[in-house]
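Visitor: Here it is, the structure in full.
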Amino acid sequence: MIKDKVVILGASGFIGMHLCKKLNDKNFEVISIIRNKKSENYQELLKIGVKIIDVGNLFEKKKIKNNFSDIKYLVNLAALAHVNNKKYFNKNLNYEYMNNIEKNIVRNFKNKELRIIHLSSAKVSKYNSSDKTEYAKVKKKAEEIIRKNYKNHIILRPPLVYGPYVKANFLLLMKAIQNNLPLPFKKILKKRSYMYVENLVDAIYFLLKTNYFKGKTYEISDNCTITNEKLATTIANNLGKKVFLFYLKPEIFSYIFKFFGINDIFNKMMKEFIVNNKKFISDTGWKPPYHYTEGIKKTCLWYKRTFRM
């Protein structure tokens, strides 16, 4: 049987590794695009057995030598993380630079019938609110490039994605709980949406399997919202720890974070952020296979094995 070919940009990242394994197991011919052989998880990709193409820095104007004329699907997971950091916004690294990934897709994948899944961010949905960020601006522009050039597209906007091999704020939270650090989450009733990585890759696989490319944009998440207090308690229970929570007025907490120049972390942790996936579920029939409690359990199991608790 001839396998469908799917190119994955950002294959060596957190989500990319999970997706490569899923699609490889589901009998797709996976072509993983990475920067070079020094890229994170390069050896893991070799173990999975997917084809690897190192193309250099996709944030620079790039003409890839490979012929992609027979590629049926492309999944774009590539992005520059933490772009709110001021060091990214100088004369050498601007918005045009950060959207070169999508421009390079157009430059190298000229088949206008290409079916493309573009991973964006739920922050784009909030872009017109008071919670504008540089990150959302970059993501919004990336979506516009994909819509303009490929009619057979689906754009997904997840919230924070967690799971084994997670990094950044979710990993910091787990480390804080493991090290018995007190957290200011008590009586904070604001709820937030999250997405377990295996739910996300299952949704991507579902779109490929059902050939659902309707030129639409969807928010997507786990089927629940939880408070930070509930999140911290669930993590602590799975790590075999007792979580220490205290109450601090959000206004004071916000002032402290602003003082240290890290108010973006405050927004990610303390403000309400709800992502509604009802439209995606009703249009496609997909449902997340994992409840958040199972996702956190598996993430904590990975954490304990990785850090040898």
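Ordered as shown in the structure tokens, chains take letters A, B, and onward, while each chain numbers its residues from 1 and ligands are numbered from 1 in the order shown.
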Please return, as number ranges by chain, all residues of range 131-258 of chain A that DSSP assigns to strand (DSSP E or B) on the basis of the backbone.
Guide: A: 153-157, 160-162, 183, 191-192, 194-196, 216-219, 226-227, 245
Visitor: Would you put the residues from that selection into a file with C-alpha atoms, as a PDB file, in the first residue's frame?
Guide:
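selection_32.pdb, written as the output of this step:
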```pdb
ATOM      1  CA  HIS A 153      -6.064  24.496   5.181  1.00  0.00           C
ATOM      2  CA  ILE A 154      -7.088  24.070   8.786  1.00  0.00           C
ATOM      3  CA  ILE A 155      -5.752  26.440  11.436  1.00  0.00           C
ATOM      4  CA  LEU A 156      -5.816  25.240  15.036  1.00  0.00           C
ATOM      5  CA  ARG A 157      -5.595  27.575  18.022  1.00  0.00           C
ATOM      6  CA  LEU A 160      -0.960  26.013  26.638  1.00  0.00           C
ATOM      7  CA  VAL A 161      -0.074  22.444  25.624  1.00  0.00           C
ATOM      8  CA  TYR A 162       1.319  20.096  28.277  1.00  0.00           C
ATOM      9  CA  LEU A 183       2.155  29.038  45.384  1.00  0.00           C
ATOM     10  CA  LYS A 191     -10.319  29.251  35.208  1.00  0.00           C
ATOM     11  CA  ARG A 192      -8.005  28.412  32.340  1.00  0.00           C
ATOM     12  CA  TYR A 194      -5.176  23.625  28.653  1.00  0.00           C
ATOM     13  CA  MET A 195      -4.526  20.881  26.126  1.00  0.00           C
ATOM     14  CA  TYR A 196      -2.819  17.551  26.653  1.00  0.00           C
ATOM     15  CA  LYS A 216     -11.477  27.033   8.587  1.00  0.00           C
ATOM     16  CA  THR A 217      -9.926  28.222  11.831  1.00  0.00           C
ATOM     17  CA  TYR A 218     -10.744  26.556  15.146  1.00  0.00           C
ATOM     18  CA  GLU A 219     -10.008  26.970  18.802  1.00  0.00           C
ATOM     19  CA  ILE A 226      -9.717  24.335  35.723  1.00  0.00           C
ATOM     20  CA  THR A 227      -8.435  26.772  38.309  1.00  0.00           C
ATOM     21  CA  LEU A 245      -1.009  27.292  48.658  1.00  0.00           C
TER      22      LEU A 245
END
```
Visitor: Give the helix (DSSP H, G or I) residues of range 73-290 of chain A, as assigned by DSSP on the backbone, as JSON, numbers by chain.
Guide: {"A": [86, 87, 88, 95, 96, 97, 98, 100, 101, 102, 103, 104, 105, 106, 107, 108, 122, 123, 124, 134, 135, 136, 137, 138, 139, 140, 141, 142, 143, 144, 145, 146, 147, 148, 149, 168, 169, 170, 171, 172, 173, 174, 175, 176, 177, 178, 197, 198, 199, 200, 201, 202, 203, 204, 205, 206, 207, 208, 209, 210, 228, 229, 230, 231, 232, 233, 234, 235, 236, 237, 238, 239, 250, 251, 252, 253, 254, 255, 256, 257, 258, 259, 263, 264, 265, 266, 267, 268, 269, 270, 278, 279, 280, 281, 282, 283, 284]}
Visitor: Work out how far CA of Ser32 in chain A is from CA of Ala11 in chain A, in Å to one decimal.
Guide: 5.3 Å
Visitor: Between A:Phe213, A:Pro159, A:Leu181, A:Lys190, which one has atoms that come closest to Arg147 in chain A, using only C-alpha atoms?
Guide: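 Between A:Phe213, A:Pro159, A:Leu181, A:Lys190, the residue approaching Arg147 in chain A most closely is A:Phe213.
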Visitor: To one decimal in Å, tell me the separation between CA of Asn57 in chain A and CA of Asn104 in chain A.
Guide: 10.4 Å
Visitor: So that I can see what lies close to Leu301 in chain A, please list as an MDAnalysis selection string the residues with an atom at most 12 Å from it, counting only C-alpha atoms and leaving out residues fewer than 2 positions away in the same chain.
Guide: chainID A and resid 163:165 174 235:240 294:299 303:309
Visitor: Using N, CA and C atoms, can you export the residues from the last selection as an mmCIF file, in the first residue's frame?
Guide:
```
data_model
loop_
_atom_site.group_PDB
_atom_site.id
_atom_site.type_symbol
_atom_site.label_atom_id
_atom_site.label_comp_id
_atom_site.auth_asym_id
_atom_site.auth_seq_id
_atom_site.Cartn_x
_atom_site.Cartn_y
_atom_site.Cartn_z
ATOM 1 N N GLY A 163 2.325 17.938 28.616
ATOM 2 C CA GLY A 163 2.492 16.505 28.424
ATOM 3 C C GLY A 163 3.941 16.137 28.630
ATOM 4 N N PRO A 164 4.300 14.864 28.491
ATOM 5 C CA PRO A 164 5.702 14.450 28.614
ATOM 6 C C PRO A 164 6.610 15.261 27.700
ATOM 7 N N TYR A 165 7.743 15.691 28.240
ATOM 8 C CA TYR A 165 8.747 16.524 27.553
ATOM 9 C C TYR A 165 8.356 18.002 27.480
ATOM 10 N N MET A 174 5.660 22.353 37.831
ATOM 11 C CA MET A 174 5.907 21.023 38.374
ATOM 12 C C MET A 174 7.132 21.024 39.284
ATOM 13 N N ILE A 235 -1.491 18.041 40.138
ATOM 14 C CA ILE A 235 -0.078 17.749 39.902
ATOM 15 C C ILE A 235 0.567 17.208 41.164
ATOM 16 N N ALA A 236 0.317 17.863 42.291
ATOM 17 C CA ALA A 236 0.911 17.441 43.562
ATOM 18 C C ALA A 236 0.504 16.016 43.919
ATOM 19 N N ASN A 237 -0.754 15.687 43.745
ATOM 20 C CA ASN A 237 -1.226 14.337 44.052
ATOM 21 C C ASN A 237 -0.501 13.292 43.218
ATOM 22 N N ASN A 238 -0.263 13.600 41.942
ATOM 23 C CA ASN A 238 0.405 12.645 41.054
ATOM 24 C C ASN A 238 1.914 12.592 41.273
ATOM 25 N N LEU A 239 2.475 13.636 41.880
ATOM 26 C CA LEU A 239 3.897 13.618 42.220
ATOM 27 C C LEU A 239 4.128 13.075 43.626
ATOM 28 N N GLY A 240 3.048 12.791 44.339
ATOM 29 C CA GLY A 240 3.175 12.311 45.710
ATOM 30 C C GLY A 240 3.655 13.396 46.652
ATOM 31 N N GLU A 294 -5.999 12.321 33.300
ATOM 32 C CA GLU A 294 -5.115 11.298 32.738
ATOM 33 C C GLU A 294 -3.894 11.940 32.099
ATOM 34 N N GLY A 295 -4.094 13.084 31.441
ATOM 35 C CA GLY A 295 -2.976 13.794 30.837
ATOM 36 C C GLY A 295 -1.961 14.250 31.876
ATOM 37 N N ILE A 296 -2.450 14.799 32.979
ATOM 38 C CA ILE A 296 -1.545 15.243 34.046
ATOM 39 C C ILE A 296 -0.858 14.050 34.696
ATOM 40 N N LYS A 297 -1.586 12.956 34.862
ATOM 41 C CA LYS A 297 -0.993 11.748 35.438
ATOM 42 C C LYS A 297 0.182 11.261 34.596
ATOM 43 N N LYS A 298 0.003 11.210 33.271
ATOM 44 C CA LYS A 298 1.072 10.742 32.390
ATOM 45 C C LYS A 298 2.228 11.737 32.343
ATOM 46 N N THR A 299 1.921 13.019 32.442
ATOM 47 C CA THR A 299 2.973 14.034 32.457
ATOM 48 C C THR A 299 3.804 13.914 33.726
ATOM 49 N N TYR A 303 7.733 13.035 34.364
ATOM 50 C CA TYR A 303 8.560 13.920 35.192
ATOM 51 C C TYR A 303 9.342 13.107 36.229
ATOM 52 N N LYS A 304 8.660 12.185 36.887
ATOM 53 C CA LYS A 304 9.320 11.389 37.920
ATOM 54 C C LYS A 304 10.405 10.493 37.337
ATOM 55 N N ARG A 305 10.139 9.949 36.156
ATOM 56 C CA ARG A 305 11.158 9.093 35.509
ATOM 57 C C ARG A 305 12.341 9.910 35.029
ATOM 58 N N THR A 306 12.054 11.092 34.496
ATOM 59 C CA THR A 306 13.112 11.938 33.911
ATOM 60 C C THR A 306 14.014 12.514 34.989
ATOM 61 N N PHE A 307 13.407 12.962 36.079
ATOM 62 C CA PHE A 307 14.178 13.603 37.133
ATOM 63 C C PHE A 307 14.479 12.666 38.299
ATOM 64 N N ARG A 308 14.170 11.385 38.065
ATOM 65 C CA ARG A 308 14.539 10.301 38.995
ATOM 66 C C ARG A 308 14.108 10.573 40.434
ATOM 67 N N MET A 309 12.826 10.793 40.582
ATOM 68 C CA MET A 309 12.294 11.022 41.926
ATOM 69 C C MET A 309 12.205 9.689 42.685
#
```
Visitor: Using only C-alpha atoms, which residues sit within 10 Å of range 185-189 of chain A once same-chain residues fewer than 3 positions away are excluded, as a PyMOL selection string?
Guide: chain A and resi 182+192+226-232+244-250+269-272
Visitor: Would you save the residues of that selection, restricted to C-alpha atoms, as an mmCIF file, in the first residue's frame?
Guide:
```cif
data_model
loop_
_atom_site.group_PDB
_atom_site.id
_atom_site.type_symbol
_atom_site.label_atom_id
_atom_site.label_comp_id
_atom_site.auth_asym_id
_atom_site.auth_seq_id
_atom_site.Cartn_x
_atom_site.Cartn_y
_atom_site.Cartn_z
ATOM 1 C CA PRO A 182 4.443 27.875 48.189
ATOM 2 C CA ARG A 192 -8.005 28.412 32.340
ATOM 3 C CA ILE A 226 -9.717 24.335 35.723
ATOM 4 C CA THR A 227 -8.435 26.772 38.309
ATOM 5 C CA ASN A 228 -4.738 27.004 39.107
ATOM 6 C CA GLU A 229 -5.541 25.684 42.577
ATOM 7 C CA LYS A 230 -7.079 22.549 41.068
ATOM 8 C CA LEU A 231 -4.215 22.200 38.586
ATOM 9 C CA ALA A 232 -1.561 22.488 41.297
ATOM 10 C CA PHE A 244 1.437 24.616 49.770
ATOM 11 C CA LEU A 245 -1.009 27.292 48.658
ATOM 12 C CA PHE A 246 -1.545 30.782 50.016
ATOM 13 C CA TYR A 247 -3.729 33.734 49.100
ATOM 14 C CA LEU A 248 -2.316 36.931 47.664
ATOM 15 C CA LYS A 249 -4.444 39.609 46.053
ATOM 16 C CA PRO A 250 -3.979 39.374 42.264
ATOM 17 C CA MET A 269 -0.782 31.949 35.150
ATOM 18 C CA MET A 270 -3.376 34.139 36.822
ATOM 19 C CA LYS A 271 -5.765 35.610 34.256
ATOM 20 C CA GLU A 272 -8.815 33.747 33.035
#
```
Visitor: Do you know which residues are at most 7 Å from Leu114 in chain A counting only C-alpha atoms, after dropping those on the same chain fewer than 4 positions away, and could you put them as a PyMOL selection string?
Guide: chain A and resi 72-73+152
Visitor: Create the file for the chosen residues now, containing C-alpha atoms and written as a compact mmCIF listing (two decimals), in the first residue's frame.
Guide:
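Result saved to again.txt:
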```txt
# COMPACT_ATOMS: atom_id res chain seq x y z
CA LYS A 72 -0.05 15.58 0.05
CA TYR A 73 -0.01 16.97 3.59
CA ASN A 152 -7.09 23.47 1.69
```
Visitor: Just want the 7 Å neighbourhood of Glu60 in chain A, counted on only C-alpha atoms, with same-chain residues fewer than 2 positions away dropped. Output as a PyMOL selection string.
Guide: chain A and resi 57-58+62+97+100
Visitor: For CA of Leu45 in chain A and CA of Lys65 in chain A, determine how far apart the two atoms are, in Å to one decimal place.
Guide: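 Distance reported for this atom pair: 21.2 Å.
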Visitor: In terms of the shortest atom-to-atom distance over only C-alpha atoms, which of A:Phe273, A:Tyr205, A:Trp302, A:Phe28 is closest to Trp286 in chain A?
Guide: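 Selected residue with least distance to Trp286 in chain A: A:Tyr205.
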Visitor: Ranking A:Met98, A:Val7, A:Leu77, A:Ile220 by minimum distance to Ile53 in chain A and counting only C-alpha atoms, which one comes first?
Guide: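 When distances to Ile53 in chain A are compared using only C-alpha atoms, the smallest one comes from A:Val7.
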Visitor: Determine the nearest neighbour of Ser125 in chain A from the options A:Pro158, A:Lys22, A:Phe280, A:Glu144, counting only C-alpha atoms.
Guide: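 With only C-alpha atoms as the atom set, the closest residue is A:Pro158.
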Visitor: Just the residues within 9 Å of Phe109 in chain A, please, counting only C-alpha atoms, with nothing from its chain fewer than 2 positions along; format it as JSON, numbers by chain.
Guide: {"A": [67, 68, 69, 71, 104, 105, 106, 107, 111, 112, 114]}
Visitor: Please produce a file of the residues just selected, as a PDB file, in the first residue's frame, where the atoms kept are C-alpha atoms.
Guide:
```pdb
ATOM      1  CA  ASN A  67      11.345  18.206  -4.478  1.00  0.00           C
ATOM      2  CA  PHE A  68       8.064  18.397  -2.582  1.00  0.00           C
ATOM      3  CA  SER A  69       5.740  18.121  -5.585  1.00  0.00           C
ATOM      4  CA  ILE A  71       3.617  15.888  -0.854  1.00  0.00           C
ATOM      5  CA  ASN A 104       9.287  29.772   3.209  1.00  0.00           C
ATOM      6  CA  ILE A 105       6.413  27.298   3.121  1.00  0.00           C
ATOM      7  CA  VAL A 106       4.860  29.271   0.264  1.00  0.00           C
ATOM      8  CA  ARG A 107       8.255  29.570  -1.436  1.00  0.00           C
ATOM      9  CA  ASN A 111       1.327  22.889  -5.003  1.00  0.00           C
ATOM     10  CA  LYS A 112      -1.800  24.943  -4.335  1.00  0.00           C
ATOM     11  CA  LEU A 114      -1.487  20.985  -0.697  1.00  0.00           C
TER      12      LEU A 114
END
```
